[in-house]
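Text of work_15.cif (mmCIF, C-alpha atoms and all ligand atoms) as supplied:
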```
data_my_file
#
loop_
_atom_site.label_atom_id
_atom_site.label_comp_id
_atom_site.auth_asym_id
_atom_site.auth_seq_id
_atom_site.Cartn_x
_atom_site.Cartn_y
_atom_site.Cartn_z
CA MET A 23 0.00 0.00 0.00
CA GLU A 24 1.38 3.33 -1.03
CA ARG A 25 1.63 6.18 1.42
CA VAL A 26 -0.61 9.19 0.80
CA TYR A 27 -0.20 12.89 1.31
CA ASN A 28 -2.03 13.27 4.61
CA PHE A 29 -3.39 16.78 5.14
CA SER A 30 -4.98 15.96 8.50
CA ALA A 31 -5.02 18.69 11.15
CA GLY A 32 -4.10 16.13 13.79
CA PRO A 33 -3.03 13.49 14.44
CA ALA A 34 -1.01 14.67 11.49
CA ALA A 35 1.58 13.37 9.09
CA LEU A 36 4.97 12.40 10.52
CA PRO A 37 8.25 12.61 8.60
CA LEU A 38 8.83 9.38 6.66
CA GLU A 39 12.49 9.34 7.75
CA VAL A 40 11.37 9.36 11.38
CA LEU A 41 8.88 6.54 10.87
CA LYS A 42 11.59 4.45 9.24
CA ILE A 43 13.94 4.92 12.20
CA ALA A 44 11.13 3.95 14.58
CA GLN A 45 10.42 0.90 12.44
CA ALA A 46 14.05 -0.18 12.43
CA GLU A 47 14.32 0.25 16.20
CA MET A 48 10.96 -1.31 17.01
CA LEU A 49 11.95 -4.78 18.16
CA ASN A 50 15.28 -4.12 19.80
CA PHE A 51 15.91 -0.61 21.01
CA ASN A 52 19.55 0.32 21.47
CA HIS A 53 20.71 -3.26 22.25
CA SER A 54 18.20 -3.61 25.09
CA GLY A 55 16.63 -6.73 23.55
CA MET A 56 13.20 -5.15 23.77
CA SER A 57 11.13 -2.38 22.21
CA ILE A 58 11.27 1.04 23.78
CA MET A 59 7.64 0.56 24.83
CA GLU A 60 8.74 -2.31 27.08
CA LEU A 61 11.59 -0.45 28.77
CA SER A 62 11.37 0.89 32.30
CA HIS A 63 10.93 4.64 32.20
CA ARG A 64 13.55 4.87 34.95
CA SER A 65 16.16 2.77 33.12
CA SER A 66 19.31 4.58 32.03
CA THR A 67 18.48 3.67 28.42
CA TYR A 68 15.15 5.46 28.62
CA MET A 69 16.47 8.37 30.69
CA ALA A 70 18.87 9.12 27.85
CA VAL A 71 15.89 9.29 25.48
CA ILE A 72 13.83 11.79 27.48
CA GLU A 73 16.84 13.88 28.42
CA GLY A 74 18.01 13.89 24.80
CA ALA A 75 14.55 14.98 23.63
CA GLU A 76 14.55 17.87 26.09
CA ALA A 77 18.09 18.92 25.14
CA ASP A 78 17.26 18.88 21.43
CA LEU A 79 14.07 20.87 21.96
CA ARG A 80 16.03 23.44 23.99
CA LYS A 81 18.48 23.72 21.10
CA LEU A 82 15.74 24.02 18.46
CA MET A 83 13.81 26.71 20.30
CA ASN A 84 16.67 28.45 22.10
CA ILE A 85 15.08 27.82 25.48
CA PRO A 86 17.02 29.49 28.32
CA ASP A 87 17.77 27.70 31.60
CA THR A 88 15.31 29.99 33.34
CA TYR A 89 12.53 27.97 31.67
CA ALA A 90 11.41 24.44 32.50
CA VAL A 91 10.49 21.97 29.77
CA LEU A 92 7.73 19.58 30.89
CA PHE A 93 6.35 16.47 29.20
CA MET A 94 2.74 16.09 30.32
CA GLN A 95 -0.37 14.12 29.43
CA GLY A 96 -3.98 15.03 28.71
CA GLY A 97 -3.21 16.82 25.47
CA ALA A 98 -3.40 20.55 24.99
CA SER A 99 -6.92 20.39 26.40
CA ALA A 100 -5.64 19.49 29.88
CA GLN A 101 -3.57 22.67 29.73
CA PHE A 102 -6.81 24.66 29.57
CA SER A 103 -7.21 23.62 33.24
CA MET A 104 -3.55 23.52 34.25
CA VAL A 105 -2.89 27.13 33.24
CA PRO A 106 -5.47 28.65 35.60
CA LEU A 107 -4.80 26.08 38.35
CA ASN A 108 -1.09 26.84 38.36
CA LEU A 109 -0.96 30.47 37.32
CA MET A 110 -4.03 32.27 38.71
CA SER A 111 -1.98 32.91 41.81
CA GLN A 112 -2.56 36.53 42.79
CA TYR A 113 -5.63 38.12 41.17
CA LYS A 114 -7.43 34.82 40.47
CA LYS A 115 -8.05 36.31 37.06
CA GLY A 116 -6.96 35.50 33.52
CA LEU A 117 -7.28 37.62 30.38
CA TYR A 118 -8.07 35.81 27.15
CA ILE A 119 -8.10 36.73 23.48
CA ASN A 120 -10.82 34.79 21.70
CA THR A 121 -9.69 33.81 18.22
CA GLY A 122 -11.56 30.57 17.68
CA VAL A 123 -12.81 27.24 18.87
CA TRP A 124 -9.71 26.35 20.88
CA SER A 125 -9.61 29.75 22.58
CA GLN A 126 -13.25 29.30 23.51
CA LYS A 127 -12.50 25.94 25.09
CA ALA A 128 -9.61 27.45 27.06
CA ILE A 129 -11.90 30.26 28.25
CA LYS A 130 -14.68 27.89 29.26
CA GLU A 131 -12.31 25.78 31.33
CA ALA A 132 -10.58 28.74 33.00
CA LYS A 133 -13.95 30.00 34.27
CA ARG A 134 -14.12 27.00 36.61
CA TYR A 135 -11.14 28.31 38.55
CA GLY A 136 -11.38 32.08 38.59
CA GLU A 137 -12.40 35.22 36.80
CA VAL A 138 -11.99 35.43 33.05
CA ALA A 139 -12.01 38.58 30.96
CA VAL A 140 -12.06 38.34 27.17
CA ILE A 141 -10.24 41.50 26.11
CA ALA A 142 -10.43 40.97 22.34
CA SER A 143 -12.28 38.68 19.98
CA SER A 144 -12.69 37.99 16.28
CA GLU A 145 -15.96 36.14 16.73
CA ASP A 146 -17.88 38.95 14.95
CA LYS A 147 -16.42 37.85 11.61
CA ASN A 148 -16.33 34.09 12.08
CA PHE A 149 -12.78 34.21 13.45
CA SER A 150 -11.43 35.07 10.00
CA TYR A 151 -8.87 37.53 11.38
CA ILE A 152 -6.71 38.29 14.43
CA PRO A 153 -7.82 41.34 16.45
CA ASP A 154 -5.53 44.38 16.18
CA MET A 155 -2.78 44.09 18.78
CA LYS A 156 -1.38 47.61 18.44
CA ASP A 157 -4.20 49.47 20.12
CA LEU A 158 -5.22 46.76 22.52
CA ASN A 159 -5.58 47.99 26.05
CA VAL A 160 -4.49 45.23 28.43
CA PRO A 161 -5.58 45.73 32.06
CA LYS A 162 -2.96 45.10 34.73
CA ASP A 163 -5.09 43.43 37.41
CA ALA A 164 -4.78 39.88 36.11
CA ASP A 165 -2.38 36.97 36.49
CA TYR A 166 -1.81 36.40 32.79
CA LEU A 167 -2.91 36.98 29.23
CA HIS A 168 -3.72 33.87 27.18
CA ILE A 169 -3.64 33.67 23.38
CA THR A 170 -3.86 30.93 20.74
CA SER A 171 -0.90 31.60 18.43
CA ASN A 172 -2.21 29.57 15.52
CA ASN A 173 -5.87 28.77 15.14
CA THR A 174 -5.90 25.27 13.73
CA ILE A 175 -9.57 25.24 12.75
CA GLU A 176 -9.97 28.78 11.42
CA GLY A 177 -6.54 29.11 9.77
CA THR A 178 -5.33 32.33 11.38
CA ARG A 179 -2.11 33.17 13.21
CA PHE A 180 -0.75 35.94 15.40
CA THR A 181 2.10 37.86 13.79
CA SER A 182 2.54 40.28 16.70
CA LEU A 183 1.90 40.28 20.42
CA PRO A 184 -0.06 42.72 22.56
CA LYS A 185 1.98 45.15 24.62
CA THR A 186 1.68 44.13 28.25
CA SER A 187 3.75 43.51 31.34
CA LEU A 188 1.56 40.53 32.20
CA PRO A 189 2.86 37.02 31.64
CA ILE A 190 1.75 35.92 28.16
CA ILE A 191 0.60 32.31 27.87
CA SER A 192 0.13 30.73 24.48
CA ASP A 193 -1.49 27.61 23.14
CA MET A 194 1.01 26.76 20.39
CA SER A 195 -0.33 23.32 19.51
CA SER A 196 -0.31 24.04 15.77
CA PHE A 197 2.38 26.75 15.84
CA ILE A 198 5.30 25.32 17.78
CA LEU A 199 8.43 24.66 15.68
CA SER A 200 6.83 26.09 12.52
CA GLU A 201 8.60 29.44 12.64
CA GLU A 202 11.18 31.27 14.69
CA MET A 203 10.05 32.95 17.88
CA ASN A 204 11.51 34.37 21.04
CA ILE A 205 10.67 32.21 24.05
CA GLU A 206 11.28 35.12 26.38
CA ASP A 207 8.28 36.97 24.91
CA TYR A 208 6.17 34.35 26.70
CA ALA A 209 5.84 33.20 30.29
CA CYS A 210 4.45 29.84 29.27
CA ILE A 211 3.75 28.05 26.04
CA TYR A 212 2.15 24.68 25.57
CA ALA A 213 1.38 22.32 22.74
CA GLY A 214 -0.22 18.96 22.17
CA ALA A 215 2.21 16.82 20.18
CA GLN A 216 0.02 15.43 17.43
CA LYS A 217 0.19 18.46 15.13
CA ASN A 218 3.81 19.44 14.68
CA ILE A 219 5.77 17.32 17.16
CA GLY A 220 4.94 13.62 17.19
CA PRO A 221 2.20 11.15 17.99
CA ALA A 222 -0.69 11.99 20.34
CA GLY A 223 -0.23 11.24 24.02
CA VAL A 224 2.21 13.90 25.14
CA ALA A 225 1.91 17.64 25.56
CA ILE A 226 4.88 19.95 25.97
CA VAL A 227 4.91 22.86 28.40
CA ILE A 228 7.69 25.43 28.42
CA ILE A 229 7.37 27.72 31.40
CA ARG A 230 9.35 30.33 33.30
CA LYS A 231 10.57 28.65 36.49
CA ASP A 232 9.88 31.66 38.70
CA LEU A 233 6.13 31.24 38.06
CA LEU A 234 6.06 27.76 39.56
CA GLY A 235 5.01 26.70 43.04
CA LYS A 236 2.08 29.12 43.36
CA GLU A 237 -0.66 26.71 42.28
CA MET A 238 -4.11 26.54 43.85
CA PRO A 239 -4.33 24.00 46.71
CA ILE A 240 -6.94 22.02 44.76
CA THR A 241 -4.51 21.42 41.87
CA PRO A 242 -4.31 17.66 41.17
CA VAL A 243 -0.75 16.48 41.62
CA LEU A 244 -0.53 15.36 38.00
CA TYR A 245 -1.57 18.86 36.91
CA ASN A 246 1.06 20.54 39.09
CA TYR A 247 3.80 22.18 37.01
CA LYS A 248 6.21 22.48 39.95
CA VAL A 249 5.91 18.80 40.86
CA THR A 250 6.29 17.86 37.19
CA MET A 251 9.48 19.92 36.94
CA ASP A 252 10.91 18.59 40.21
CA GLU A 253 10.20 15.00 39.16
CA GLY A 254 11.70 15.40 35.69
CA SER A 255 8.27 14.80 34.10
CA MET A 256 8.19 11.42 35.85
CA TYR A 257 5.93 11.81 38.87
CA ASN A 258 4.23 8.82 37.32
CA THR A 259 4.89 6.82 34.17
CA PRO A 260 5.22 9.24 31.26
CA PRO A 261 3.98 8.41 27.73
CA THR A 262 7.32 6.84 26.90
CA TYR A 263 6.72 6.01 23.26
CA SER A 264 5.28 9.43 22.37
CA ILE A 265 8.27 11.14 23.98
CA TYR A 266 10.66 8.87 22.09
CA MET A 267 8.93 9.75 18.79
CA ALA A 268 8.97 13.45 19.62
CA GLY A 269 12.70 13.10 20.26
CA LEU A 270 13.19 11.54 16.82
CA VAL A 271 11.28 14.44 15.25
CA PHE A 272 13.50 16.95 17.10
CA LYS A 273 16.60 15.20 15.74
CA TRP A 274 15.10 15.27 12.24
CA LEU A 275 14.43 19.00 12.58
CA LEU A 276 17.99 19.67 13.73
CA GLN A 277 19.29 17.74 10.72
CA LYS A 278 17.09 19.84 8.43
CA GLY A 279 18.69 23.02 9.74
CA GLY A 280 16.38 23.76 12.66
CA VAL A 281 13.40 26.06 12.94
CA SER A 282 14.76 28.87 10.75
CA ALA A 283 15.21 26.42 7.86
CA MET A 284 11.72 24.98 8.46
CA GLN A 285 10.23 28.45 8.51
CA LYS A 286 11.59 29.19 5.02
CA ILE A 287 10.20 25.90 3.73
CA ASN A 288 6.87 26.51 5.47
CA GLU A 289 6.55 30.02 4.02
CA ALA A 290 7.29 28.71 0.55
CA LYS A 291 4.84 25.82 0.96
CA ALA A 292 2.05 28.07 2.20
CA ALA A 293 2.72 30.56 -0.62
CA ILE A 294 2.20 27.84 -3.25
CA LEU A 295 -1.26 27.20 -1.86
CA TYR A 296 -2.31 30.78 -1.06
CA ASP A 297 -1.05 32.08 -4.43
CA PHE A 298 -3.13 29.46 -6.18
CA LEU A 299 -6.18 30.35 -4.07
CA GLU A 300 -5.74 34.03 -5.02
CA SER A 301 -5.67 33.20 -8.72
CA SER A 302 -8.47 30.65 -8.64
CA ALA A 303 -11.98 31.45 -9.82
CA MET A 304 -13.39 28.40 -8.05
CA PHE A 305 -11.60 28.16 -4.71
CA SER A 306 -11.23 30.89 -2.11
CA CYS A 307 -9.76 31.32 1.37
CA PRO A 308 -11.95 33.05 3.99
CA VAL A 309 -9.04 34.38 6.08
CA VAL A 310 -7.80 38.00 6.01
CA LYS A 311 -4.49 37.98 4.12
CA ALA A 312 -2.25 39.41 6.83
CA ASP A 313 -3.38 36.85 9.40
CA ARG A 314 -3.15 33.65 7.36
CA SER A 315 -1.71 30.57 9.01
CA LEU A 316 1.36 28.85 7.59
CA MET A 317 0.12 25.54 8.96
CA ASN A 318 -3.63 25.26 8.37
CA VAL A 319 -5.17 26.55 5.16
CA PRO A 320 -8.98 26.56 4.95
CA PHE A 321 -10.57 27.01 1.54
CA ALA A 322 -13.87 26.38 -0.19
CA SER A 323 -15.57 26.15 -3.56
CA PRO A 324 -18.87 27.94 -4.21
CA THR A 325 -21.07 25.00 -3.15
CA GLU A 326 -21.10 22.10 -0.73
CA GLU A 327 -21.74 19.75 -3.66
CA ILE A 328 -18.53 20.82 -5.40
CA ASP A 329 -16.65 20.61 -2.07
CA ALA A 330 -17.82 17.02 -1.61
CA LYS A 331 -16.89 16.06 -5.17
CA PHE A 332 -13.48 17.67 -4.74
CA ILE A 333 -12.76 15.86 -1.49
CA LYS A 334 -13.81 12.53 -2.96
CA GLN A 335 -11.67 12.88 -6.07
CA ALA A 336 -8.69 14.22 -4.10
CA THR A 337 -8.85 11.24 -1.74
CA ALA A 338 -8.82 8.87 -4.71
CA LYS A 339 -5.63 10.61 -5.87
CA GLY A 340 -3.92 10.06 -2.52
CA LEU A 341 -4.55 13.59 -1.18
CA THR A 342 -6.35 12.74 2.02
CA ASN A 343 -8.06 14.32 5.03
CA LEU A 344 -8.91 17.55 3.21
CA LYS A 345 -12.42 17.86 4.62
CA GLY A 346 -12.79 21.08 6.59
CA HIS A 347 -13.62 21.11 10.29
CA ARG A 348 -17.32 20.49 10.82
CA LEU A 349 -17.74 23.99 12.26
CA VAL A 350 -16.18 25.73 9.26
CA GLY A 351 -17.08 23.43 6.36
CA GLY A 352 -15.32 23.44 3.00
CA MET A 353 -11.79 22.11 2.93
CA ARG A 354 -8.68 22.51 5.03
CA ALA A 355 -5.13 21.55 4.17
CA SER A 356 -2.87 21.18 7.17
CA ILE A 357 0.70 21.52 6.01
CA TYR A 358 2.85 21.05 9.10
CA ASN A 359 6.63 20.53 9.04
CA ALA A 360 6.26 16.89 7.99
CA MET A 361 4.30 17.75 4.82
CA PRO A 362 6.83 17.90 1.99
CA THR A 363 6.69 20.68 -0.62
CA GLU A 364 5.84 18.00 -3.23
CA GLY A 365 2.65 17.23 -1.30
CA VAL A 366 1.48 20.85 -1.47
CA GLN A 367 2.45 21.04 -5.14
CA ALA A 368 0.48 17.85 -5.83
CA LEU A 369 -2.54 19.37 -4.10
CA VAL A 370 -2.35 22.59 -6.12
CA ASP A 371 -1.88 20.66 -9.37
CA PHE A 372 -4.98 18.65 -8.56
CA MET A 373 -6.99 21.76 -7.60
CA SER A 374 -6.01 23.39 -10.87
CA ALA A 375 -7.02 20.33 -12.92
CA PHE A 376 -10.27 20.00 -10.96
CA GLU A 377 -11.10 23.64 -11.59
CA LYS A 378 -10.54 23.30 -15.36
CA GLU A 379 -12.76 20.23 -15.48
CA ASN A 380 -15.56 21.60 -13.31
CA GLY A 381 -15.31 25.36 -13.79
C1 LIG B 401 -5.56 20.28 18.58
C2 LIG B 401 -5.56 21.51 19.42
C3 LIG B 401 -5.93 21.48 20.76
C4 LIG B 401 -6.42 20.21 21.45
O1 LIG B 401 -5.43 19.28 21.54
P1 LIG B 401 -5.66 17.91 22.35
O2 LIG B 401 -4.25 17.40 22.42
O3 LIG B 401 -6.56 17.06 21.52
O4 LIG B 401 -6.22 18.22 23.67
C5 LIG B 401 -5.86 22.65 21.48
N1 LIG B 401 -5.46 23.80 20.92
C6 LIG B 401 -5.10 23.86 19.63
C7 LIG B 401 -4.64 25.17 19.05
C8 LIG B 401 -5.14 22.72 18.83
O5 LIG B 401 -4.78 22.79 17.54
#
```
Please express the file's structure as structure tokens.
Amino acid sequence: MERVYNFSAGPAALPLEVLKIAQAEMLNFNHSGMSIMELSHRSSTYMAVIEGAEADLRKLMNIPDTYAVLFMQGGASAQFSMVPLNLMSQYKKGLYINTGVWSQKAIKEAKRYGEVAVIASSEDKNFSYIPDMKDLNVPKDADYLHITSNNTIEGTRFTSLPKTSLPIISDMSSFILSEEMNIEDYACIYAGAQKNIGPAGVAIVIIRKDLLGKEMPITPVLYNYKVTMDEGSMYNTPPTYSIYMAGLVFKWLLQKGGVSAMQKINEAKAAILYDFLESSAMFSCPVVKADRSLMNVPFASPTEEIDAKFIKQATAKGLTNLKGHRLVGGMRASIYNAMPTEGVQALVDFMSAFEKENG
């Protein structure tokens, strides 16, 4: 069976080179006589894997020693609770910018633990843009400001940050490792792995150490950032295989030249698709140009019937998982780091042929 170009938003495509290494190491990891899934998480063989993954991520993202790197479970969604539990320490209040479905879920969860103020929103226009950051007035009486850097479902991304002295927290599930950024602009970033890091099952939290240890007393121990840091992400058994795979992806990224090299590729890949959408008479992208995501590209034809026909024919050609999120409709191409340029080119070639045939 041939492999397809998988445009899924998540769990998403993984680099073929990484899958091949995992395949080769499956039955006997590093002379242990067993698969990595069967190894004790406290064995020296496994410790080298998790420590290597952290070291490589620190290198890739230039993470200073003043920040902890945590491997946690529960996906990005568990972070919607962990952020308020751990960080609503003084005002019991979080500020949120509402840029889509995932922001809304973060807001809903935070309300269980304290006060939430939504200080900007793009809901008025179906989340097709990012609110203006320049003139945003950010109050000071809150513990943090939370944003969603890349909106996986709506296809928007922040290109600037609001001016504030508050700690900025970001959900970077579909943004992390896609372009260069300065960690020190943020107090805490988090990401579920299954978009741009590795398989589902692990979430990564990068957080300023001085913010830790001020959690609410009700914080479950497994949701406690300080405990997780102190225990080296091993208060209990971590998702060992997912962390191993993430580590392989980090090595692959380093070999490719790191995040700056990926950013250039990602910009070129996204441009192939957006340029075609601009020139097309059949397909269009609903997102304001300046705020378009490099990772998730929503688009649509004039009718649901044509959308359905397009998705069906694309799938038959090995261009899969292009159906848009049920809340947005149309199509969506997720083109994370693991999607090769040839995959995006194949998609555009097919869109162009489809348009000629059906236009
Ligand atoms: C996928 C996604 C989530 C949810 O991730 P889970 O790991 O399934 O909890 C949250 N935020 C963003 C931006 C996402 O893309």
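Within 7 Å of A:Asn359, once all atoms listed in the file are used and residues closer than 3 positions along the same chain are dropped, the contacting residues are Ser200, Asn218, Met284 and Asn288 of chain A.
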Hey, can you spit out that residue selection with C-alpha atoms as a short mmCIF file (atom, residue, chain, number, x, y, z; two decimals), keeping the file's coordinate frame?
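Output file result.cif is given in full below:
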```
data_model
loop_
_atom_site.label_atom_id
_atom_site.label_comp_id
_atom_site.auth_asym_id
_atom_site.auth_seq_id
_atom_site.Cartn_x
_atom_site.Cartn_y
_atom_site.Cartn_z
CA SER A 200 6.83 26.09 12.52
CA ASN A 218 3.81 19.44 14.68
CA MET A 284 11.72 24.98 8.46
CA ASN A 288 6.87 26.51 5.47
#
```
- Please, which residues have at least one atom within 7 Å of an atom of ligand LIG 401 (chain B), using all atoms listed in the file, listed as a list in words? Gly32, Gly96, Gly97, Ala98, Ser99, Ala100, Trp124, Thr170, Asn172, Asn173, Thr174, Asp193, Met194, Ser195, Ser196, Gly214, Ala215, Gln216, Lys217, Ala222 and Ala225 of chain A
Expressed in Å, the length from atom CA of A:Ala330 to atom CA of A:Arg314 is 23.9 Å
Please report, as CSV, each residue of stretch 60-170 of chain A lying at most 7 Å from stretch 179-185 of chain A, together with the nearest pair of atoms and the separation in Å rounded to one decimal; use all atoms listed in the file, and order rows by chain and ascending residue number.
```
residue,atom,partner,partner_atom,distance
A:Ile152,CA,A:Phe180,CA,6.5
A:Met155,CA,A:Pro184,CA,4.9
A:Lys156,CA,A:Pro184,CA,6.5
A:Leu158,CA,A:Pro184,CA,6.6
```
Mind working out the centre and edge lengths of an axis-aligned box for stretch 166-183 of chain A, all listed atoms inside, 4 Å added to each side, rounded to one decimal in Å and written as AutoDock Vina command-line options?
```
--center_x -3.7 --center_y 32.8 --center_z 21.3 --size_x 20.5 --size_y 23.0 --size_z 31.0
```
